[in-house]
>>> print(open('run.pdb').read())   # PDB, C-alpha atoms
ATOM      1  CA  MET A   1      85.165-182.298 -59.719
ATOM      2  CA  ARG A   2      83.604-179.233 -61.368
ATOM      3  CA  THR A   3      82.893-175.648 -60.352
ATOM      4  CA  ILE A   4      79.291-174.896 -61.313
ATOM      5  CA  GLY A   5      77.792-171.596 -60.254
ATOM      6  CA  SER A   6      78.874-170.712 -56.737
ATOM      7  CA  LYS A   7      79.686-174.279 -55.663
ATOM      8  CA  VAL A   8      82.078-177.104 -56.386
ATOM      9  CA  TYR A   9      80.525-180.481 -57.248
ATOM     10  CA  SER A  10      82.110-183.906 -56.970
ATOM     11  CA  VAL A  11      81.066-187.563 -57.076
ATOM     12  CA  SER A  12      82.035-190.638 -55.062
ATOM     13  CA  ASP A  13      80.404-194.044 -55.310
ATOM     14  CA  GLY A  14      76.704-193.231 -55.800
ATOM     15  CA  VAL A  15      76.738-189.810 -54.128
ATOM     16  CA  LEU A  16      76.855-186.301 -55.592
ATOM     17  CA  HIS A  17      78.583-183.917 -53.180
ATOM     18  CA  PHE A  18      78.498-180.111 -53.303
ATOM     19  CA  SER A  19      80.469-177.534 -51.334
ATOM     20  CA  GLY A  20      79.239-174.527 -49.444
ATOM     21  CA  ILE A  21      78.298-171.369 -51.342
ATOM     22  CA  ARG A  22      81.575-169.730 -52.379
ATOM     23  CA  GLN A  23      83.352-172.070 -49.963
ATOM     24  CA  PRO A  24      85.110-174.623 -52.188
ATOM     25  CA  THR A  25      86.922-176.230 -49.241
ATOM     26  CA  LYS A  26      83.805-176.635 -47.042
ATOM     27  CA  TRP A  27      81.846-179.813 -47.757
ATOM     28  CA  THR A  28      80.096-180.657 -44.479
ATOM     29  CA  THR A  29      76.490-179.694 -43.889
ATOM     30  CA  ASP A  30      77.418-177.069 -41.317
ATOM     31  CA  ALA A  31      78.617-174.908 -44.250
ATOM     32  CA  THR A  32      75.829-172.898 -45.866
ATOM     33  CA  GLY A  33      74.712-174.613 -49.058
ATOM     34  CA  ALA A  34      76.864-177.733 -48.662
ATOM     35  CA  GLY A  35      75.385-181.210 -48.807
ATOM     36  CA  PHE A  36      74.969-184.327 -50.912
ATOM     37  CA  ILE A  37      72.432-186.319 -52.944
ATOM     38  CA  ASP A  38      72.432-190.110 -52.934
ATOM     39  CA  MET A  39      71.894-190.819 -56.641
ATOM     40  CA  SER A  40      71.822-194.570 -56.090
ATOM     41  CA  GLN A  41      68.343-194.118 -54.617
ATOM     42  CA  GLU A  42      67.089-192.396 -57.762
ATOM     43  CA  THR A  43      67.647-195.171 -60.293
ATOM     44  CA  SER A  44      69.516-198.393 -60.880
ATOM     45  CA  ASP A  45      73.000-198.251 -62.421
ATOM     46  CA  ALA A  46      73.791-195.073 -60.442
ATOM     47  CA  GLU A  47      75.834-196.807 -57.743
ATOM     48  CA  ASP A  48      79.155-195.870 -59.359
ATOM     49  CA  LEU A  49      79.103-192.243 -60.500
ATOM     50  CA  THR A  50      81.974-191.164 -62.720
ATOM     51  CA  ALA A  51      81.618-187.482 -63.634
ATOM     52  CA  VAL A  52      79.648-184.281 -63.182
ATOM     53  CA  ALA A  53      79.326-181.352 -65.599
ATOM     54  CA  ASN A  54      77.404-178.173 -66.297
ATOM     55  CA  TYR A  55      74.587-178.699 -68.802
ATOM     56  CA  GLN A  56      72.417-175.764 -69.930
ATOM     57  CA  GLY A  57      71.888-174.415 -66.428
ATOM     58  CA  PHE A  58      71.507-177.889 -64.936
ATOM     59  CA  VAL A  59      73.972-180.436 -63.593
ATOM     60  CA  ALA A  60      74.558-183.640 -65.541
ATOM     61  CA  VAL A  61      75.742-186.539 -63.385
ATOM     62  CA  PHE A  62      77.268-189.498 -65.220
ATOM     63  CA  ALA A  63      77.600-193.175 -64.476
ATOM     64  CA  PRO A  64      78.712-195.829 -66.998
ATOM     65  CA  ARG A  65      75.116-196.672 -68.001
ATOM     66  CA  VAL A  66      72.965-193.755 -66.873
ATOM     67  CA  VAL A  67      72.930-189.927 -66.919
ATOM     68  CA  LEU A  68      70.935-187.937 -64.350
ATOM     69  CA  ILE A  69      69.979-184.312 -65.025
ATOM     70  CA  TYR A  70      69.420-182.199 -61.908
ATOM     71  CA  TYR A  71      68.340-178.653 -61.218
ATOM     72  CA  VAL A  72      70.553-177.325 -58.446
ATOM     73  CA  ASP A  73      70.047-174.241 -56.308
ATOM     74  CA  PRO A  74      72.165-172.458 -53.679
ATOM     75  CA  ASP A  75      69.529-173.730 -51.241
ATOM     76  CA  PRO A  76      69.901-177.554 -51.242
ATOM     77  CA  ASP A  77      66.224-177.958 -50.341
ATOM     78  CA  LEU A  78      65.343-176.642 -53.818
ATOM     79  CA  ASN A  79      67.469-179.193 -55.706
ATOM     80  CA  ALA A  80      65.248-181.282 -57.987
ATOM     81  CA  LYS A  81      65.618-184.161 -60.403
ATOM     82  CA  ARG A  82      64.717-183.211 -63.983
ATOM     83  CA  GLN A  83      65.478-186.246 -66.129
ATOM     84  CA  ILE A  84      67.086-189.680 -66.192
ATOM     85  CA  LEU A  85      68.666-191.035 -69.382
ATOM     86  CA  LYS A  86      69.136-194.797 -69.330
ATOM     87  CA  ASN A  87      71.445-196.973 -71.427
ATOM     88  CA  THR A  88      73.989-194.249 -71.957
ATOM     89  CA  GLY A  89      76.768-192.734 -69.895
ATOM     90  CA  THR A  90      80.528-192.899 -69.546
ATOM     91  CA  PRO A  91      83.117-194.852 -67.562
ATOM     92  CA  TYR A  92      85.717-192.280 -68.703
ATOM     93  CA  PRO A  93      85.257-189.206 -66.481
ATOM     94  CA  LYS A  94      87.875-187.005 -68.146
ATOM     95  CA  SER A  95      86.174-187.416 -71.532
ATOM     96  CA  VAL A  96      83.193-185.256 -70.457
ATOM     97  CA  THR A  97      83.630-181.909 -72.221
ATOM     98  CA  GLU A  98      81.406-178.871 -72.713
ATOM     99  CA  PHE A  99      81.194-178.100 -76.441
ATOM    100  CA  GLY A 100      79.734-174.740 -77.414
ATOM    101  CA  ASP A 101      76.840-173.423 -75.350
ATOM    102  CA  SER A 102      74.491-176.390 -75.655
ATOM    103  CA  ASP A 103      76.351-179.687 -76.139
ATOM    104  CA  LEU A 104      78.085-181.958 -73.664
ATOM    105  CA  PHE A 105      80.444-184.485 -75.252
ATOM    106  CA  TYR A 106      81.365-187.763 -73.568
ATOM    107  CA  LEU A 107      82.833-191.129 -74.524
ATOM    108  CA  ALA A 108      80.562-194.129 -74.036
ATOM    109  CA  ASP A 109      81.680-197.712 -74.562
ATOM    110  CA  SER A 110      79.715-197.639 -77.823
ATOM    111  CA  GLY A 111      81.538-194.529 -79.100
ATOM    112  CA  GLN A 112      81.591-190.747 -78.921
ATOM    113  CA  ARG A 113      78.247-189.271 -77.834
ATOM    114  CA  SER A 114      76.721-185.840 -77.270
ATOM    115  CA  LEU A 115      74.133-184.715 -74.741
ATOM    116  CA  LYS A 116      71.991-181.896 -76.111
ATOM    117  CA  ALA A 117      68.481-180.445 -75.951
ATOM    118  CA  ARG A 118      65.952-182.442 -77.974
ATOM    119  CA  ASP A 119      63.652-179.462 -78.617
ATOM    120  CA  SER A 120      62.488-176.159 -77.126
ATOM    121  CA  SER A 121      61.525-177.951 -73.903
ATOM    122  CA  ASN A 122      65.288-178.378 -73.232
ATOM    123  CA  ALA A 123      64.720-182.067 -72.484
ATOM    124  CA  ALA A 124      68.067-183.799 -72.941
ATOM    125  CA  SER A 125      68.712-186.502 -75.520
ATOM    126  CA  THR A 126      71.813-188.268 -76.777
ATOM    127  CA  THR A 127      73.144-188.026 -80.320
ATOM    128  CA  ASP A 128      75.692-190.222 -82.067
ATOM    129  CA  ILE A 129      77.971-187.326 -82.993
ATOM    130  CA  GLY A 130      80.858-189.774 -83.263
ATOM    131  CA  SER A 131      79.228-192.246 -85.657
ATOM    132  CA  PRO A 132      81.864-191.684 -88.413
ATOM    133  CA  ILE A 133      84.644-192.781 -86.015
ATOM    134  CA  ASP A 134      82.807-195.097 -83.597
ATOM    135  CA  LYS A 135      84.258-198.209 -85.224
ATOM    136  CA  LEU A 136      87.772-196.775 -84.868
ATOM    137  CA  VAL A 137      87.142-195.659 -81.269
ATOM    138  CA  ARG A 138      85.794-199.056 -80.188
ATOM    139  CA  ALA A 139      88.790-200.773 -81.777
ATOM    140  CA  LYS A 140      91.109-198.364 -79.983
ATOM    141  CA  LEU A 141      89.394-199.011 -76.644
ATOM    142  CA  ARG A 142      90.054-202.728 -77.056
ATOM    143  CA  GLU A 143      93.778-201.996 -77.492
ATOM    144  CA  LEU A 144      94.131-199.881 -74.349
ATOM    145  CA  THR A 145      95.104-201.103 -70.905
ATOM    146  CA  ALA A 146      93.028-200.207 -67.843
ATOM    147  CA  ASP A 147      95.492-197.420 -66.962
ATOM    148  CA  GLN A 148      95.385-196.013 -70.497
ATOM    149  CA  ARG A 149      91.580-195.963 -70.404
ATOM    150  CA  GLU A 150      91.681-193.927 -67.213
ATOM    151  CA  ASN A 151      93.829-191.364 -69.060
ATOM    152  CA  ILE A 152      91.321-190.758 -71.889
ATOM    153  CA  VAL A 153      90.778-186.979 -72.032
ATOM    154  CA  GLY A 154      88.421-184.655 -73.871
ATOM    155  CA  LEU A 155      89.204-180.957 -74.379
ATOM    156  CA  ILE A 156      88.629-177.961 -76.646
ATOM    157  CA  ASN A 157      91.651-176.596 -78.475
ATOM    158  CA  PRO A 158      91.388-172.822 -77.823
ATOM    159  CA  ASP A 159      93.301-171.985 -80.996
ATOM    160  CA  ASP A 160      90.579-173.202 -83.364
ATOM    161  CA  GLY A 161      87.665-174.367 -81.182
ATOM    162  CA  ARG A 162      87.951-178.008 -82.219
ATOM    163  CA  PHE A 163      87.120-180.859 -79.844
ATOM    164  CA  TRP A 164      89.867-183.391 -79.076
ATOM    165  CA  LEU A 165      89.297-186.911 -77.813
ATOM    166  CA  ILE A 166      92.719-188.104 -76.634
ATOM    167  CA  MET A 167      93.200-191.872 -76.420
ATOM    168  CA  SER A 168      96.816-192.743 -75.599
ATOM    169  CA  ASP A 169      98.796-192.219 -78.832
ATOM    170  CA  THR A 170      95.801-191.174 -80.949
ATOM    171  CA  VAL A 171      93.708-187.991 -80.987
ATOM    172  CA  TYR A 172      90.312-187.835 -82.696
ATOM    173  CA  VAL A 173      89.531-184.219 -83.624
ATOM    174  CA  PHE A 174      86.017-182.944 -84.369
ATOM    175  CA  SER A 175      85.673-179.893 -86.638
ATOM    176  CA  PHE A 176      82.250-178.276 -86.519
ATOM    177  CA  PHE A 177      81.534-174.994 -88.287
ATOM    178  CA  PRO A 178      77.793-174.510 -88.998
ATOM    179  CA  GLN A 179      78.054-171.597 -91.455
ATOM    180  CA  PRO A 180      80.202-173.387 -94.068
ATOM    181  CA  GLN A 181      78.437-176.664 -93.183
ATOM    182  CA  VAL A 182      81.570-178.425 -91.961
ATOM    183  CA  SER A 183      81.146-181.418 -89.649
ATOM    184  CA  ALA A 184      84.042-183.859 -89.838
ATOM    185  CA  TRP A 185      86.421-186.011 -87.796
ATOM    186  CA  THR A 186      90.198-186.171 -88.203
ATOM    187  CA  THR A 187      92.678-188.654 -86.725
ATOM    188  CA  TYR A 188      96.027-187.442 -85.344
ATOM    189  CA  LYS A 189      98.860-189.773 -84.383
ATOM    190  CA  VAL A 190     100.791-188.353 -81.440
ATOM    191  CA  GLY A 191     104.520-187.870 -81.707
ATOM    192  CA  THR A 192     107.446-185.633 -82.547
ATOM    193  CA  THR A 193     109.297-185.324 -85.839
ATOM    194  CA  THR A 194     113.025-184.741 -86.206
ATOM    195  CA  GLY A 195     113.872-184.453 -89.880
ATOM    196  CA  THR A 196     112.004-187.397 -91.371
ATOM    197  CA  THR A 197     112.032-189.471 -88.176
ATOM    198  CA  PHE A 198     108.707-189.728 -86.348
ATOM    199  CA  THR A 199     108.759-190.758 -82.687
ATOM    200  CA  GLY A 200     105.406-191.599 -81.128
ATOM    201  CA  PHE A 201     104.440-191.379 -77.464
ATOM    202  CA  ASP A 202     101.449-192.007 -75.209
ATOM    203  CA  ILE A 203      99.592-189.081 -73.656
ATOM    204  CA  GLU A 204      99.012-189.618 -69.935
ATOM    205  CA  GLU A 205      97.429-186.230 -69.177
ATOM    206  CA  ALA A 206      96.331-183.132 -71.104
ATOM    207  CA  VAL A 207      95.232-179.644 -70.101
ATOM    208  CA  VAL A 208      94.403-176.309 -71.700
ATOM    209  CA  GLN A 209      96.352-173.347 -70.335
ATOM    210  CA  GLY A 210      95.770-169.973 -71.964
ATOM    211  CA  ASP A 211      95.900-170.467 -75.728
ATOM    212  CA  ASN A 212      97.907-173.688 -75.579
ATOM    213  CA  VAL A 213      97.229-177.388 -75.227
ATOM    214  CA  PHE A 214      99.810-179.124 -73.036
ATOM    215  CA  VAL A 215     100.188-182.897 -72.810
ATOM    216  CA  ARG A 216     102.373-185.055 -70.605
ATOM    217  CA  SER A 217     104.091-188.316 -71.462
ATOM    218  CA  GLY A 218     106.164-189.699 -68.629
ATOM    219  CA  ASP A 219     108.336-186.854 -67.323
ATOM    220  CA  THR A 220     108.079-184.820 -70.544
ATOM    221  CA  ILE A 221     105.568-182.035 -71.227
ATOM    222  CA  TYR A 222     104.760-181.057 -74.814
ATOM    223  CA  SER A 223     102.992-177.952 -76.146
ATOM    224  CA  PHE A 224     100.919-178.485 -79.287
ATOM    225  CA  GLY A 225     102.149-176.136 -82.004
ATOM    226  CA  GLY A 226     104.942-174.677 -79.866
ATOM    227  CA  LEU A 227     104.989-171.745 -77.463
ATOM    228  CA  GLU A 228     105.785-168.891 -79.854
ATOM    229  CA  ASP A 229     103.291-166.401 -81.317
ATOM    230  CA  GLU A 230     103.159-168.414 -84.537
ATOM    231  CA  LEU A 231     102.510-172.148 -84.669
ATOM    232  CA  THR A 232     105.472-174.403 -85.379
ATOM    233  CA  TYR A 233     105.021-176.887 -88.213
ATOM    234  CA  ASP A 234     107.056-179.953 -89.114
ATOM    235  CA  ALA A 235     107.108-182.238 -92.137
ATOM    236  CA  THR A 236     104.427-184.625 -90.885
ATOM    237  CA  VAL A 237     102.237-185.701 -93.816
ATOM    238  CA  ALA A 238      98.590-184.663 -93.428
ATOM    239  CA  LYS A 239      96.057-186.754 -95.324
ATOM    240  CA  ALA A 240      92.538-185.817 -96.411
ATOM    241  CA  HIS A 241      90.906-188.700 -98.256
ATOM    242  CA  LEU A 242      87.431-188.017 -99.625
ATOM    243  CA  PRO A 243      84.952-190.906 -99.807
ATOM    244  CA  PHE A 244      84.107-192.360-103.198
ATOM    245  CA  LEU A 245      81.800-189.931-104.997
ATOM    246  CA  SER A 246      79.266-190.898-107.662
ATOM    247  CA  ALA A 247      77.664-187.520-108.522
ATOM    248  CA  GLU A 248      74.402-189.103-107.316
ATOM    249  CA  LYS A 249      74.562-191.558-110.243
ATOM    250  CA  PRO A 250      76.138-194.672-108.732
ATOM    251  CA  THR A 251      75.368-197.005-111.666
ATOM    252  CA  GLU A 252      76.484-194.615-114.394
ATOM    253  CA  PHE A 253      79.992-194.320-115.783
ATOM    254  CA  LYS A 254      81.341-190.772-115.810
ATOM    255  CA  GLY A 255      84.237-189.356-117.752
ATOM    256  CA  TRP A 256      86.256-187.500-115.116
ATOM    257  CA  ASN A 257      88.078-184.651-116.854
ATOM    258  CA  GLY A 258      89.293-182.318-114.114
ATOM    259  CA  PHE A 259      89.094-180.914-110.621
ATOM    260  CA  ASP A 260      89.384-177.547-108.895
ATOM    261  CA  CYS A 261      90.484-176.990-105.327
ATOM    262  CA  ALA A 262      91.322-174.380-102.721
ATOM    263  CA  VAL A 263      94.322-175.373-100.600
ATOM    264  CA  GLU A 264      97.029-173.816 -98.466
ATOM    265  CA  GLY A 265     100.501-175.230 -98.885
ATOM    266  CA  THR A 266     101.374-177.925-101.412
ATOM    267  CA  TRP A 267      99.371-181.124-101.686
ATOM    268  CA  GLY A 268      99.853-184.228-103.776
ATOM    269  CA  VAL A 269      96.400-185.086-105.136
ATOM    270  CA  TYR A 270      95.789-188.736-105.958
ATOM    271  CA  VAL A 271      92.792-190.202-107.781
ATOM    272  CA  ALA A 272      91.339-193.586-106.827
ATOM    273  CA  ALA A 273      88.640-195.102-109.028
ATOM    274  CA  VAL A 274      88.418-198.730-107.833
ATOM    275  CA  VAL A 275      85.724-198.803-105.141
ATOM    276  CA  LYS A 276      86.843-202.171-103.804
ATOM    277  CA  ASP A 277      90.423-200.992-103.271
ATOM    278  CA  PRO A 278      91.063-197.280-102.492
ATOM    279  CA  THR A 279      94.824-197.958-102.414
ATOM    280  CA  VAL A 280      94.808-198.310-106.217
ATOM    281  CA  ARG A 281      95.440-194.725-107.255
ATOM    282  CA  GLU A 282      97.425-192.346-109.452
ATOM    283  CA  LEU A 283      99.024-188.976-108.765
ATOM    284  CA  ALA A 284      96.960-186.380-110.639
ATOM    285  CA  ALA A 285      98.629-183.120-109.590
ATOM    286  CA  ASN A 286     100.705-181.286-107.022
ATOM    287  CA  ALA A 287      98.127-178.678-106.063
ATOM    288  CA  THR A 288      98.740-175.209-104.636
ATOM    289  CA  GLY A 289      96.515-172.200-104.029
ATOM    290  CA  VAL A 290      93.027-171.688-105.475
ATOM    291  CA  THR A 291      92.095-172.758-109.011
ATOM    292  CA  PHE A 292      88.401-171.894-109.233
ATOM    293  CA  ASP A 293      89.090-168.740-111.273
ATOM    294  CA  GLU A 294      91.900-170.385-113.251
ATOM    295  CA  HIS A 295      92.395-173.571-115.258
ATOM    296  CA  ALA A 296      91.339-176.757-113.476
ATOM    297  CA  TYR A 297      93.748-179.626-112.954
ATOM    298  CA  SER A 298      93.103-182.207-115.669
ATOM    299  CA  LEU A 299      91.978-185.798-115.194
ATOM    300  CA  THR A 300      91.514-188.685-117.591
ATOM    301  CA  GLY A 301      89.548-191.889-117.277
ATOM    302  CA  SER A 302      86.034-193.066-116.564
ATOM    303  CA  SER A 303      84.408-194.928-113.691
ATOM    304  CA  THR A 304      81.233-194.971-111.651
ATOM    305  CA  HIS A 305      82.967-193.512-108.592
ATOM    306  CA  VAL A 306      86.087-191.543-107.814
ATOM    307  CA  SER A 307      87.928-190.528-104.654
ATOM    308  CA  LEU A 308      90.328-187.597-104.350
ATOM    309  CA  GLN A 309      93.106-188.186-101.827
ATOM    310  CA  PHE A 310      95.102-185.154-100.656
ATOM    311  CA  GLU A 311      98.483-185.611 -98.960
ATOM    312  CA  SER A 312     100.567-182.625 -97.827
ATOM    313  CA  GLN A 313     104.151-182.037 -98.940
ATOM    314  CA  GLY A 314     106.953-180.204 -97.120
ATOM    315  CA  THR A 315     106.726-178.072 -93.991
ATOM    316  CA  GLY A 316     104.460-175.174 -93.113
ATOM    317  CA  ALA A 317     100.709-174.786 -92.743
ATOM    318  CA  ALA A 318      98.635-177.175 -94.863
ATOM    319  CA  LYS A 319      94.889-176.870 -95.343
ATOM    320  CA  VAL A 320      92.292-178.247 -97.757
ATOM    321  CA  SER A 321      89.285-175.912 -97.930
ATOM    322  CA  SER A 322      87.272-177.284-100.857
ATOM    323  CA  ALA A 323      87.395-179.413-103.994
ATOM    324  CA  LEU A 324      85.193-179.679-107.079
ATOM    325  CA  LEU A 325      85.154-182.510-109.640
ATOM    326  CA  HIS A 326      84.343-182.040-113.344
ATOM    327  CA  TYR A 327      82.845-184.891-115.334
ATOM    328  CA  ILE A 328      80.827-185.819-118.411
ATOM    329  CA  GLY A 329      77.947-188.227-117.859
ATOM    330  CA  GLY A 330      78.334-191.597-119.518
ATOM    331  CA  GLU A 331      76.162-194.585-120.218
ATOM    332  CA  ASP A 332      74.374-196.794-117.720
ATOM    333  CA  LYS A 333      75.791-200.189-117.037
TER     334      LYS A 333
END
>>> encode(input="run.pdb", output="structure tokens")
Amino acid sequence: MRTIGSKVYSVSDGVLHFSGIRQPTKWTTDATGAGFIDMSQETSDAEDLTAVANYQGFVAVFAPRVVLIYYVDPDPDLNAKRQILKNTGTPYPKSVTEFGDSDLFYLADSGQRSLKARDSSNAASTTDIGSPIDKLVRAKLRELTADQRENIVGLINPDDGRFWLIMSDTVYVFSFFPQPQVSAWTTYKVGTTTGTTFTGFDIEEAVVQGDNVFVRSGDTIYSFGGLEDELTYDATVAKAHLPFLSAEKPTEFKGWNGFDCAVEGTWGVYVAAVVKDPTVRELAANATGVTFDEHAYSLTGSSTHVSLQFESQGTGAAKVSSALLHYIGGEDK
């Protein structure tokens, strides 16, 4: 159920229902503006609608394998179909989330997807925004029970504007900041930490209230980051593992001699140089602050590729903003 414009919209079976104008409790046709559209008559696969959402001035109606885009008007006689997108959709209604002013995120069985305008015509198309995590998401879906799948939730964390896809005890977080060209996914494991003891739990429901994200597990409600003016941090280890980098010379051995970084908090920085096994690594430095205008942390060794792996230490805020590798080009294989 969604409030869009001056009406409330809801779905049941293959029908899109809408309330009267500014009358959210009036759904029968004797209320001005109220009515319904039988979507099952528009296309196949629309017999079991799952969700409805606002999309760039239109209404997007979801089924597991189809998305219908409709223009809606206070006068039901002016409602009109705009577009039908086949072979995509969602069986997870609470995953549908408005992201920014142009994207609509949703979880399909194939992975995380986004509905957005293809070009200036505003015709909708789907993008595989979740391709970096789709393999993880599909594996997670196979682990979940039917009840846990019904509890999959998408939301926007108001504190930093990041998108969360909550799947039981795991949260996939999308960070998108166009100006610094950041587009990345992070995996959170859900739980509480007392000292060094981590206790996980399953999220059964999640909502945004004010500036906080609240989740429920059983009879317990948790607030992400605490309820005070400042966020509360524990000693959970955050990990930021970069992929293996080759400096655009994948067949050439490089002599890696240092790295710079900009971090908040203290991070153990490990170096992995065996492409076949990223767990083979060495601690290179315990990094703090910004080193770009100071001496770089030193490295030794040569390889075709290298991966920096950051892991936070202690309590408090921990952030990795950037990293730069220094090397001397070597000989071809």
>>> residues_around(input="run.pdb", residues="Ser40 (chain A)", least_positions_apart="2", cutoff="10 Å", atoms="all atoms listed in the file", output="PyMOL selection string")
chain A and resi 13-16+37-38+42-49
>>> resolve_selection(input="run.pdb", expression="the PyMOL selection byres ((chain A and resi 193) around 12)", output="PyMOL selection string")
chain A and resi 189-192+194-201+232-237+315
>>> atom_distance(input="run.pdb", atom1="CA of Arg281 (chain A)", atom2="CA of Ala317 (chain A)")
25.2 Å
>>> resolve_selection(input="run.pdb", expression="the PyMOL selection byres ((chain A and resi 57-64) around 10)", output="PyMOL selection string")
chain A and resi 2+4-5+9-11+13-16+39+45-56+65-73+80-93+96+102+104+106-109+115+124
>>> atom_distance(input="run.pdb", atom1="CA of Tyr188 (chain A)", atom2="CA of Ala240 (chain A)")
11.7 Å
>>> decode(input="run.pdb", residues="region 93-100 of chain A", atoms="all heavy atoms", output="mmCIF file, in the first residue's frame")
data_model
loop_
_atom_site.group_PDB
_atom_site.id
_atom_site.type_symbol
_atom_site.label_atom_id
_atom_site.label_comp_id
_atom_site.auth_asym_id
_atom_site.auth_seq_id
_atom_site.Cartn_x
_atom_site.Cartn_y
_atom_site.Cartn_z
ATOM 1 N N PRO A 93 7.521 -7.781 -1.960
ATOM 2 C CA PRO A 93 6.920 -6.437 -2.034
ATOM 3 C C PRO A 93 7.627 -5.388 -1.191
ATOM 4 O O PRO A 93 7.700 -4.219 -1.582
ATOM 5 C CB PRO A 93 5.485 -6.671 -1.550
ATOM 6 C CG PRO A 93 5.500 -7.984 -0.833
ATOM 7 C CD PRO A 93 6.545 -8.795 -1.508
ATOM 8 N N LYS A 94 8.154 -5.773 -0.026
ATOM 9 C CA LYS A 94 8.776 -4.773 0.841
ATOM 10 C C LYS A 94 10.182 -4.388 0.391
ATOM 11 O O LYS A 94 10.811 -3.517 0.995
ATOM 12 C CB LYS A 94 8.790 -5.280 2.288
ATOM 13 C CG LYS A 94 7.397 -5.361 2.900
ATOM 14 C CD LYS A 94 7.428 -5.658 4.384
ATOM 15 C CE LYS A 94 7.785 -7.089 4.672
ATOM 16 N NZ LYS A 94 7.641 -7.438 6.114
ATOM 17 N N SER A 95 10.670 -5.025 -0.687
ATOM 18 C CA SER A 95 11.987 -4.648 -1.209
ATOM 19 C C SER A 95 11.914 -3.430 -2.130
ATOM 20 O O SER A 95 12.940 -2.805 -2.421
ATOM 21 C CB SER A 95 12.611 -5.824 -1.982
ATOM 22 O OG SER A 95 11.964 -6.011 -3.241
ATOM 23 N N VAL A 96 10.715 -3.068 -2.600
ATOM 24 C CA VAL A 96 10.565 -1.951 -3.535
ATOM 25 C C VAL A 96 10.816 -0.642 -2.793
ATOM 26 O O VAL A 96 10.131 -0.316 -1.821
ATOM 27 C CB VAL A 96 9.165 -1.956 -4.170
ATOM 28 C CG1 VAL A 96 9.004 -0.772 -5.110
ATOM 29 C CG2 VAL A 96 8.930 -3.269 -4.917
ATOM 30 N N THR A 97 11.816 0.115 -3.257
ATOM 31 C CA THR A 97 12.274 1.304 -2.539
ATOM 32 C C THR A 97 12.612 2.417 -3.525
ATOM 33 O O THR A 97 13.344 2.194 -4.492
ATOM 34 C CB THR A 97 13.539 0.991 -1.705
ATOM 35 O OG1 THR A 97 13.291 -0.152 -0.879
ATOM 36 C CG2 THR A 97 13.937 2.174 -0.845
ATOM 37 N N GLU A 98 12.100 3.608 -3.272
ATOM 38 C CA GLU A 98 12.463 4.768 -4.081
ATOM 39 C C GLU A 98 13.870 5.214 -3.691
ATOM 40 O O GLU A 98 14.154 5.452 -2.526
ATOM 41 C CB GLU A 98 11.471 5.913 -3.863
ATOM 42 C CG GLU A 98 10.076 5.611 -4.385
ATOM 43 C CD GLU A 98 9.120 6.773 -4.171
ATOM 44 O OE1 GLU A 98 9.565 7.933 -4.315
ATOM 45 O OE2 GLU A 98 7.951 6.518 -3.847
ATOM 46 N N PHE A 99 14.744 5.343 -4.699
ATOM 47 C CA PHE A 99 16.130 5.744 -4.456
ATOM 48 C C PHE A 99 16.407 7.009 -5.249
ATOM 49 O O PHE A 99 16.368 7.008 -6.478
ATOM 50 C CB PHE A 99 17.083 4.630 -4.881
ATOM 51 C CG PHE A 99 18.535 4.922 -4.589
ATOM 52 C CD1 PHE A 99 19.037 4.795 -3.305
ATOM 53 C CD2 PHE A 99 19.387 5.345 -5.597
ATOM 54 C CE1 PHE A 99 20.368 5.067 -3.040
ATOM 55 C CE2 PHE A 99 20.717 5.620 -5.334
ATOM 56 C CZ PHE A 99 21.216 5.476 -4.051
ATOM 57 N N GLY A 100 16.675 8.107 -4.543
ATOM 58 C CA GLY A 100 16.864 9.381 -5.228
ATOM 59 C C GLY A 100 15.568 9.847 -5.859
ATOM 60 O O GLY A 100 14.468 9.498 -5.428
#
